[in-house]
file data29.pdb (PDB, N, CA and C atoms)
ATOM      1  N   MET A   1      56.117 -93.724   2.122
ATOM      2  CA  MET A   1      57.029 -93.415   3.205
ATOM      3  C   MET A   1      57.851 -92.190   2.856
ATOM      4  N   ALA A   2      58.168 -91.424   3.856
ATOM      5  CA  ALA A   2      58.942 -90.207   3.656
ATOM      6  C   ALA A   2      60.393 -90.568   3.360
ATOM      7  N   ASN A   3      60.950 -89.799   2.495
ATOM      8  CA  ASN A   3      62.365 -89.941   2.215
ATOM      9  C   ASN A   3      62.939 -88.545   2.019
ATOM     10  N   ILE A   4      63.203 -87.892   3.113
ATOM     11  CA  ILE A   4      63.764 -86.550   3.083
ATOM     12  C   ILE A   4      65.254 -86.687   2.836
ATOM     13  N   ASP A   5      65.753 -85.918   1.882
ATOM     14  CA  ASP A   5      67.196 -85.990   1.637
ATOM     15  C   ASP A   5      67.875 -84.695   2.075
ATOM     16  N   VAL A   6      69.178 -84.737   2.073
ATOM     17  CA  VAL A   6      70.003 -83.622   2.549
ATOM     18  C   VAL A   6      69.716 -82.359   1.741
ATOM     19  N   ASN A   7      69.489 -82.491   0.448
ATOM     20  CA  ASN A   7      69.242 -81.325  -0.394
ATOM     21  C   ASN A   7      67.959 -80.601   0.013
ATOM     22  N   GLU A   8      66.932 -81.350   0.397
ATOM     23  CA  GLU A   8      65.686 -80.724   0.839
ATOM     24  C   GLU A   8      65.898 -79.959   2.144
ATOM     25  N   VAL A   9      66.662 -80.527   3.049
ATOM     26  CA  VAL A   9      66.939 -79.847   4.322
ATOM     27  C   VAL A   9      67.775 -78.597   4.068
ATOM     28  N   LYS A  10      68.737 -78.675   3.185
ATOM     29  CA  LYS A  10      69.541 -77.495   2.841
ATOM     30  C   LYS A  10      68.668 -76.417   2.212
ATOM     31  N   HIS A  11      67.729 -76.834   1.371
ATOM     32  CA  HIS A  11      66.832 -75.878   0.720
ATOM     33  C   HIS A  11      65.963 -75.155   1.759
ATOM     34  N   VAL A  12      65.402 -75.905   2.694
ATOM     35  CA  VAL A  12      64.581 -75.304   3.754
ATOM     36  C   VAL A  12      65.430 -74.382   4.623
ATOM     37  N   ALA A  13      66.651 -74.792   4.916
ATOM     38  CA  ALA A  13      67.553 -73.947   5.707
ATOM     39  C   ALA A  13      67.837 -72.647   4.969
ATOM     40  N   LEU A  14      68.031 -72.729   3.661
ATOM     41  CA  LEU A  14      68.284 -71.534   2.855
ATOM     42  C   LEU A  14      67.069 -70.610   2.874
ATOM     43  N   LEU A  15      65.878 -71.170   2.693
ATOM     44  CA  LEU A  15      64.654 -70.368   2.736
ATOM     45  C   LEU A  15      64.446 -69.720   4.109
ATOM     46  N   SER A  16      64.878 -70.420   5.147
ATOM     47  CA  SER A  16      64.727 -69.922   6.519
ATOM     48  C   SER A  16      65.879 -69.026   6.939
ATOM     49  N   LYS A  17      66.839 -68.862   6.035
ATOM     50  CA  LYS A  17      68.041 -68.055   6.315
ATOM     51  C   LYS A  17      68.788 -68.571   7.532
ATOM     52  N   LEU A  18      68.910 -69.909   7.600
ATOM     53  CA  LEU A  18      69.646 -70.558   8.675
ATOM     54  C   LEU A  18      70.893 -71.211   8.101
ATOM     55  N   GLU A  19      71.954 -71.179   8.873
ATOM     56  CA  GLU A  19      73.193 -71.823   8.447
ATOM     57  C   GLU A  19      73.518 -72.964   9.403
ATOM     58  N   PHE A  20      73.862 -74.120   8.817
ATOM     59  CA  PHE A  20      74.197 -75.293   9.612
ATOM     60  C   PHE A  20      75.478 -75.911   9.086
ATOM     61  N   GLN A  21      76.165 -76.589   9.975
ATOM     62  CA  GLN A  21      77.326 -77.377   9.581
ATOM     63  C   GLN A  21      76.822 -78.634   8.865
ATOM     64  N   GLU A  22      77.682 -79.249   8.072
ATOM     65  CA  GLU A  22      77.277 -80.425   7.296
ATOM     66  C   GLU A  22      76.784 -81.558   8.199
ATOM     67  N   GLU A  23      77.451 -81.771   9.354
ATOM     68  CA  GLU A  23      77.013 -82.849  10.246
ATOM     69  C   GLU A  23      75.648 -82.530  10.873
ATOM     70  N   GLU A  24      75.336 -81.243  11.068
ATOM     71  CA  GLU A  24      74.016 -80.870  11.576
ATOM     72  C   GLU A  24      72.943 -81.150  10.523
ATOM     73  N   ILE A  25      73.247 -80.859   9.276
ATOM     74  CA  ILE A  25      72.307 -81.108   8.185
ATOM     75  C   ILE A  25      71.960 -82.600   8.128
ATOM     76  N   VAL A  26      72.990 -83.445   8.231
ATOM     77  CA  VAL A  26      72.767 -84.898   8.204
ATOM     78  C   VAL A  26      71.898 -85.320   9.384
ATOM     79  N   HIS A  27      72.187 -84.758  10.562
ATOM     80  CA  HIS A  27      71.423 -85.069  11.771
ATOM     81  C   HIS A  27      69.965 -84.628  11.613
ATOM     82  N   PHE A  28      69.741 -83.395  11.147
ATOM     83  CA  PHE A  28      68.384 -82.880  10.961
ATOM     84  C   PHE A  28      67.630 -83.665   9.898
ATOM     85  N   THR A  29      68.325 -84.104   8.868
ATOM     86  CA  THR A  29      67.685 -84.891   7.818
ATOM     87  C   THR A  29      67.102 -86.164   8.409
ATOM     88  N   LYS A  30      67.858 -86.843   9.256
ATOM     89  CA  LYS A  30      67.377 -88.073   9.896
ATOM     90  C   LYS A  30      66.196 -87.770  10.813
ATOM     91  N   GLN A  31      66.312 -86.696  11.601
ATOM     92  CA  GLN A  31      65.229 -86.344  12.529
ATOM     93  C   GLN A  31      63.940 -86.011  11.784
ATOM     94  N   ILE A  32      64.038 -85.196  10.739
ATOM     95  CA  ILE A  32      62.845 -84.806   9.984
ATOM     96  C   ILE A  32      62.226 -86.028   9.313
ATOM     97  N   ASP A  33      63.050 -86.899   8.775
ATOM     98  CA  ASP A  33      62.541 -88.113   8.152
ATOM     99  C   ASP A  33      61.801 -88.973   9.179
ATOM    100  N   ASP A  34      62.351 -89.086  10.379
ATOM    101  CA  ASP A  34      61.699 -89.860  11.448
ATOM    102  C   ASP A  34      60.356 -89.237  11.838
ATOM    103  N   ILE A  35      60.315 -87.915  11.916
ATOM    104  CA  ILE A  35      59.080 -87.217  12.291
ATOM    105  C   ILE A  35      58.007 -87.446  11.237
ATOM    106  N   ILE A  36      58.370 -87.297   9.977
ATOM    107  CA  ILE A  36      57.401 -87.484   8.903
ATOM    108  C   ILE A  36      56.916 -88.931   8.865
ATOM    109  N   THR A  37      57.786 -89.869   9.112
ATOM    110  CA  THR A  37      57.396 -91.284   9.156
ATOM    111  C   THR A  37      56.384 -91.514  10.275
ATOM    112  N   MET A  38      56.620 -90.886  11.431
ATOM    113  CA  MET A  38      55.690 -91.025  12.555
ATOM    114  C   MET A  38      54.320 -90.439  12.209
ATOM    115  N   VAL A  39      54.324 -89.273  11.576
ATOM    116  CA  VAL A  39      53.063 -88.636  11.204
ATOM    117  C   VAL A  39      52.326 -89.484  10.173
ATOM    118  N   GLU A  40      53.045 -90.090   9.247
ATOM    119  CA  GLU A  40      52.417 -90.948   8.239
ATOM    120  C   GLU A  40      51.750 -92.166   8.871
ATOM    121  N   GLN A  41      52.248 -92.601  10.017
ATOM    122  CA  GLN A  41      51.621 -93.729  10.704
ATOM    123  C   GLN A  41      50.203 -93.388  11.143
ATOM    124  N   LEU A  42      49.936 -92.116  11.375
ATOM    125  CA  LEU A  42      48.595 -91.705  11.794
ATOM    126  C   LEU A  42      47.572 -91.941  10.699
ATOM    127  N   ASP A  43      48.000 -91.928   9.438
ATOM    128  CA  ASP A  43      47.086 -92.212   8.329
ATOM    129  C   ASP A  43      46.551 -93.641   8.377
ATOM    130  N   GLU A  44      47.261 -94.528   9.029
ATOM    131  CA  GLU A  44      46.863 -95.926   9.104
ATOM    132  C   GLU A  44      45.800 -96.169  10.177
ATOM    133  N   VAL A  45      45.577 -95.202  11.052
ATOM    134  CA  VAL A  45      44.626 -95.359  12.144
ATOM    135  C   VAL A  45      43.213 -95.076  11.633
ATOM    136  N   ASP A  46      42.280 -95.977  11.951
ATOM    137  CA  ASP A  46      40.888 -95.806  11.560
ATOM    138  C   ASP A  46      40.217 -94.838  12.534
ATOM    139  N   THR A  47      39.843 -93.669  12.058
ATOM    140  CA  THR A  47      39.232 -92.642  12.912
ATOM    141  C   THR A  47      37.795 -92.337  12.502
ATOM    142  N   LYS A  48      37.168 -93.220  11.763
ATOM    143  CA  LYS A  48      35.810 -92.952  11.259
ATOM    144  C   LYS A  48      34.791 -92.780  12.382
ATOM    145  N   ASN A  49      34.866 -93.567  13.419
ATOM    146  CA  ASN A  49      33.878 -93.503  14.498
ATOM    147  C   ASN A  49      34.389 -92.770  15.734
ATOM    148  N   VAL A  50      35.433 -92.003  15.578
ATOM    149  CA  VAL A  50      35.984 -91.249  16.703
ATOM    150  C   VAL A  50      35.351 -89.862  16.705
ATOM    151  N   PRO A  51      34.741 -89.458  17.821
ATOM    152  CA  PRO A  51      34.115 -88.124  17.861
ATOM    153  C   PRO A  51      35.178 -87.025  17.769
ATOM    154  N   VAL A  52      34.751 -85.885  17.281
ATOM    155  CA  VAL A  52      35.651 -84.745  17.138
ATOM    156  C   VAL A  52      36.118 -84.294  18.515
ATOM    157  N   THR A  53      37.387 -84.047  18.651
ATOM    158  CA  THR A  53      37.955 -83.558  19.900
ATOM    159  C   THR A  53      38.382 -82.114  19.695
ATOM    160  N   THR A  54      37.768 -81.212  20.434
ATOM    161  CA  THR A  54      38.133 -79.803  20.310
ATOM    162  C   THR A  54      39.016 -79.343  21.460
ATOM    163  N   HIS A  55      39.098 -80.188  22.499
ATOM    164  CA  HIS A  55      39.918 -79.831  23.655
ATOM    165  C   HIS A  55      40.389 -81.118  24.307
ATOM    166  N   GLY A  56      41.576 -81.112  24.850
ATOM    167  CA  GLY A  56      42.139 -82.302  25.466
ATOM    168  C   GLY A  56      41.438 -82.728  26.744
ATOM    169  N   LEU A  57      40.807 -81.770  27.410
ATOM    170  CA  LEU A  57      40.088 -82.064  28.646
ATOM    171  C   LEU A  57      38.616 -81.771  28.454
ATOM    172  N   GLU A  58      37.782 -82.478  29.198
ATOM    173  CA  GLU A  58      36.354 -82.180  29.116
ATOM    174  C   GLU A  58      36.116 -80.823  29.750
ATOM    175  N   VAL A  59      35.486 -79.950  29.006
ATOM    176  CA  VAL A  59      35.271 -78.586  29.480
ATOM    177  C   VAL A  59      33.797 -78.409  29.812
ATOM    178  N   ALA A  60      33.534 -77.907  30.994
ATOM    179  CA  ALA A  60      32.162 -77.615  31.409
ATOM    180  C   ALA A  60      32.118 -76.182  31.909
ATOM    181  N   SER A  61      30.991 -75.563  31.743
ATOM    182  CA  SER A  61      30.846 -74.178  32.188
ATOM    183  C   SER A  61      30.918 -74.120  33.706
ATOM    184  N   VAL A  62      31.729 -73.229  34.228
ATOM    185  CA  VAL A  62      31.845 -73.066  35.671
ATOM    186  C   VAL A  62      30.987 -71.906  36.154
ATOM    187  N   MET A  63      30.298 -71.274  35.213
ATOM    188  CA  MET A  63      29.451 -70.155  35.577
ATOM    189  C   MET A  63      28.130 -70.691  36.135
ATOM    190  N   ARG A  64      27.624 -70.025  37.143
ATOM    191  CA  ARG A  64      26.345 -70.440  37.710
ATOM    192  C   ARG A  64      25.214 -69.875  36.862
ATOM    193  N   LYS A  65      24.045 -70.419  37.020
ATOM    194  CA  LYS A  65      22.863 -69.908  36.343
ATOM    195  C   LYS A  65      22.579 -68.494  36.848
ATOM    196  N   ASP A  66      22.122 -67.635  35.992
ATOM    197  CA  ASP A  66      21.799 -66.256  36.361
ATOM    198  C   ASP A  66      20.366 -66.222  36.874
ATOM    199  N   VAL A  67      20.253 -66.469  38.175
ATOM    200  CA  VAL A  67      18.942 -66.542  38.803
ATOM    201  C   VAL A  67      18.854 -65.439  39.846
ATOM    202  N   ALA A  68      17.760 -64.690  39.801
ATOM    203  CA  ALA A  68      17.557 -63.616  40.775
ATOM    204  C   ALA A  68      17.282 -64.215  42.145
ATOM    205  N   THR A  69      17.975 -63.702  43.144
ATOM    206  CA  THR A  69      17.757 -64.140  44.524
ATOM    207  C   THR A  69      17.562 -62.901  45.383
ATOM    208  N   PRO A  70      16.823 -63.041  46.459
ATOM    209  CA  PRO A  70      16.622 -61.872  47.324
ATOM    210  C   PRO A  70      17.955 -61.387  47.888
ATOM    211  N   GLY A  71      18.112 -60.075  47.926
ATOM    212  CA  GLY A  71      19.325 -59.490  48.479
ATOM    213  C   GLY A  71      19.217 -59.364  49.982
ATOM    214  N   MET A  72      20.159 -58.657  50.553
ATOM    215  CA  MET A  72      20.172 -58.445  52.001
ATOM    216  C   MET A  72      19.026 -57.522  52.399
ATOM    217  N   ASP A  73      18.461 -57.790  53.533
ATOM    218  CA  ASP A  73      17.390 -56.949  54.049
ATOM    219  C   ASP A  73      17.934 -55.538  54.289
ATOM    220  N   ARG A  74      17.246 -54.526  53.700
ATOM    221  CA  ARG A  74      17.726 -53.139  53.781
ATOM    222  C   ARG A  74      17.842 -52.658  55.229
ATOM    223  N   ASP A  75      16.867 -52.960  56.065
ATOM    224  CA  ASP A  75      16.917 -52.514  57.463
ATOM    225  C   ASP A  75      18.109 -53.138  58.179
ATOM    226  N   GLU A  76      18.380 -54.422  57.889
ATOM    227  CA  GLU A  76      19.529 -55.107  58.497
ATOM    228  C   GLU A  76      20.829 -54.467  58.034
ATOM    229  N   LEU A  77      20.909 -54.150  56.735
ATOM    230  CA  LEU A  77      22.101 -53.525  56.164
ATOM    231  C   LEU A  77      22.370 -52.159  56.788
ATOM    232  N   PHE A  78      21.332 -51.355  56.960
ATOM    233  CA  PHE A  78      21.503 -49.990  57.450
ATOM    234  C   PHE A  78      21.835 -49.943  58.939
ATOM    235  N   LYS A  79      21.780 -51.070  59.652
ATOM    236  CA  LYS A  79      22.207 -51.092  61.057
ATOM    237  C   LYS A  79      23.701 -50.784  61.166
ATOM    238  N   ASN A  80      24.507 -51.085  60.107
ATOM    239  CA  ASN A  80      25.955 -50.867  60.138
ATOM    240  C   ASN A  80      26.378 -49.587  59.422
ATOM    241  N   VAL A  81      25.431 -48.803  58.973
ATOM    242  CA  VAL A  81      25.756 -47.600  58.194
ATOM    243  C   VAL A  81      25.872 -46.411  59.135
ATOM    244  N   LYS A  82      26.971 -45.631  58.964
ATOM    245  CA  LYS A  82      27.164 -44.445  59.816
ATOM    246  C   LYS A  82      26.238 -43.316  59.398
ATOM    247  N   THR A  83      26.204 -43.020  58.110
ATOM    248  CA  THR A  83      25.353 -41.938  57.621
ATOM    249  C   THR A  83      24.575 -42.404  56.399
ATOM    250  N   GLN A  84      23.328 -41.922  56.324
ATOM    251  CA  GLN A  84      22.491 -42.257  55.180
ATOM    252  C   GLN A  84      21.699 -41.035  54.767
ATOM    253  N   GLN A  85      21.282 -41.058  53.509
ATOM    254  CA  GLN A  85      20.504 -39.943  53.002
ATOM    255  C   GLN A  85      19.566 -40.464  51.916
ATOM    256  N   ASP A  86      18.310 -40.195  52.035
ATOM    257  CA  ASP A  86      17.293 -40.593  51.069
ATOM    258  C   ASP A  86      17.317 -42.097  50.785
ATOM    259  N   GLY A  87      17.522 -42.904  51.805
ATOM    260  CA  GLY A  87      17.500 -44.352  51.639
ATOM    261  C   GLY A  87      18.773 -44.923  51.033
ATOM    262  N   LEU A  88      19.819 -44.101  50.903
ATOM    263  CA  LEU A  88      21.086 -44.538  50.342
ATOM    264  C   LEU A  88      22.189 -44.372  51.369
ATOM    265  N   ILE A  89      23.276 -45.122  51.206
ATOM    266  CA  ILE A  89      24.431 -44.996  52.094
ATOM    267  C   ILE A  89      25.219 -43.784  51.643
ATOM    268  N   LYS A  90      25.487 -42.868  52.576
ATOM    269  CA  LYS A  90      26.239 -41.653  52.254
ATOM    270  C   LYS A  90      27.687 -41.862  52.686
ATOM    271  N   VAL A  91      28.595 -41.653  51.722
ATOM    272  CA  VAL A  91      30.019 -41.802  52.000
ATOM    273  C   VAL A  91      30.719 -40.494  51.684
ATOM    274  N   PRO A  92      31.866 -40.233  52.327
ATOM    275  CA  PRO A  92      32.583 -38.993  52.038
ATOM    276  C   PRO A  92      33.126 -38.997  50.604
ATOM    277  N   ALA A  93      33.200 -37.810  50.003
ATOM    278  CA  ALA A  93      33.736 -37.682  48.647
ATOM    279  C   ALA A  93      35.212 -38.049  48.657
ATOM    280  N   MET A  94      35.634 -38.828  47.675
ATOM    281  CA  MET A  94      37.031 -39.226  47.569
ATOM    282  C   MET A  94      37.826 -38.210  46.754
ATOM    283  N   ILE A  95      37.185 -37.637  45.736
ATOM    284  CA  ILE A  95      37.823 -36.625  44.888
ATOM    285  C   ILE A  95      36.902 -35.427  44.896
ATOM    286  N   ASP A  96      37.431 -34.303  45.280
ATOM    287  CA  ASP A  96      36.578 -33.105  45.332
ATOM    288  C   ASP A  96      37.327 -31.927  44.748
ATOM    289  N   ASN A  97      37.324 -31.833  43.442
ATOM    290  CA  ASN A  97      37.907 -30.701  42.743
ATOM    291  C   ASN A  97      36.791 -29.894  42.099
ATOM    292  N   GLY A  98      35.716 -29.685  42.848
ATOM    293  CA  GLY A  98      34.589 -28.987  42.288
ATOM    294  C   GLY A  98      33.675 -29.907  41.489
ATOM    295  N   GLU A  99      33.994 -31.200  41.437
ATOM    296  CA  GLU A  99      33.204 -32.130  40.639
ATOM    297  C   GLU A  99      32.008 -32.676  41.433
ATOM    298  N   ALA A 100      32.184 -32.864  42.739
ATOM    299  CA  ALA A 100      31.189 -33.570  43.511
ATOM    300  C   ALA A 100      29.944 -32.745  43.795
ATOM    301  N   GLY A 101      30.031 -31.451  43.767
ATOM    302  CA  GLY A 101      28.911 -30.607  44.149
ATOM    303  C   GLY A 101      27.919 -30.354  43.035
ATOM    304  N   ALA A 102      28.157 -30.836  41.840
ATOM    305  CA  ALA A 102      27.278 -30.499  40.721
ATOM    306  C   ALA A 102      25.969 -31.204  40.763
TER     307      ALA A 102
END

call {"tool": "encode", "arguments": {"input": "data29.pdb", "output": "structure tokens"}}
result
Amino acid sequence: MANIDVNEVKHVALLSKLEFQEEEIVHFTKQIDDIITMVEQLDEVDTKNVPVTTHGLEVASVMRKDVATPGMDRDELFKNVKTQQDGLIKVPAMIDNGEAGA
């Protein structure tokens, strides 16, 4: 069983460069002792047949399979196109600082 004393808490506070009042040290000593006692209780639990848990929730891939599917019919698509050139949709240049004409 854990038995944390005031001197150990003061030592940790010193290493952490923290300053506490004496009544806070006493309070923290009790809290830390309680926490360690709780953690020690976990050693008593038989976990031999418990599967490894890597996540608190069951995780499944939300990605779909990468399967090729036919795209939109080109003739149907080009019914909504204003201008086309060489089988491609032609759009106005957005930036034209002599770059687009090359």

call {"tool": "atom_distance", "arguments": {"input": "data29.pdb", "atom1": "atom CA of Asn7 of chain A", "atom2": "atom CA of Asp33 of chain A"}}
result
12.8 Å

call {"tool": "closest_residue", "arguments": {"input": "data29.pdb", "among": "A:Val6, A:Val12, A:Met38, A:Leu77", "to": "Ile25 of chain A", "atoms": "all atoms listed in the file"}}
result
A:Val6

call {"tool": "atom_distance", "arguments": {"input": "data29.pdb", "atom1": "atom C of Gln41 of chain A", "atom2": "atom C of Ser16 of chain A"}}
result
29.3 Å

call {"tool": "atom_distance", "arguments": {"input": "data29.pdb", "atom1": "atom CA of Ile4 of chain A", "atom2": "atom C of Lys17 of chain A"}}
result
19.2 Å

call {"tool": "residues_around", "arguments": {"input": "data29.pdb", "residues": "Arg74 of chain A", "least_positions_apart": "5", "cutoff": "12 Å", "atoms": "only C-alpha atoms", "output": "number ranges by chain"}}
result
A: 79-81, 84, 87-89

call {"tool": "select_by_dssp", "arguments": {"input": "data29.pdb", "residues": "chain A", "states": "strand (DSSP E or B)", "output": "JSON, numbers by chain"}}
result
{"A": [84, 85, 88, 89]}
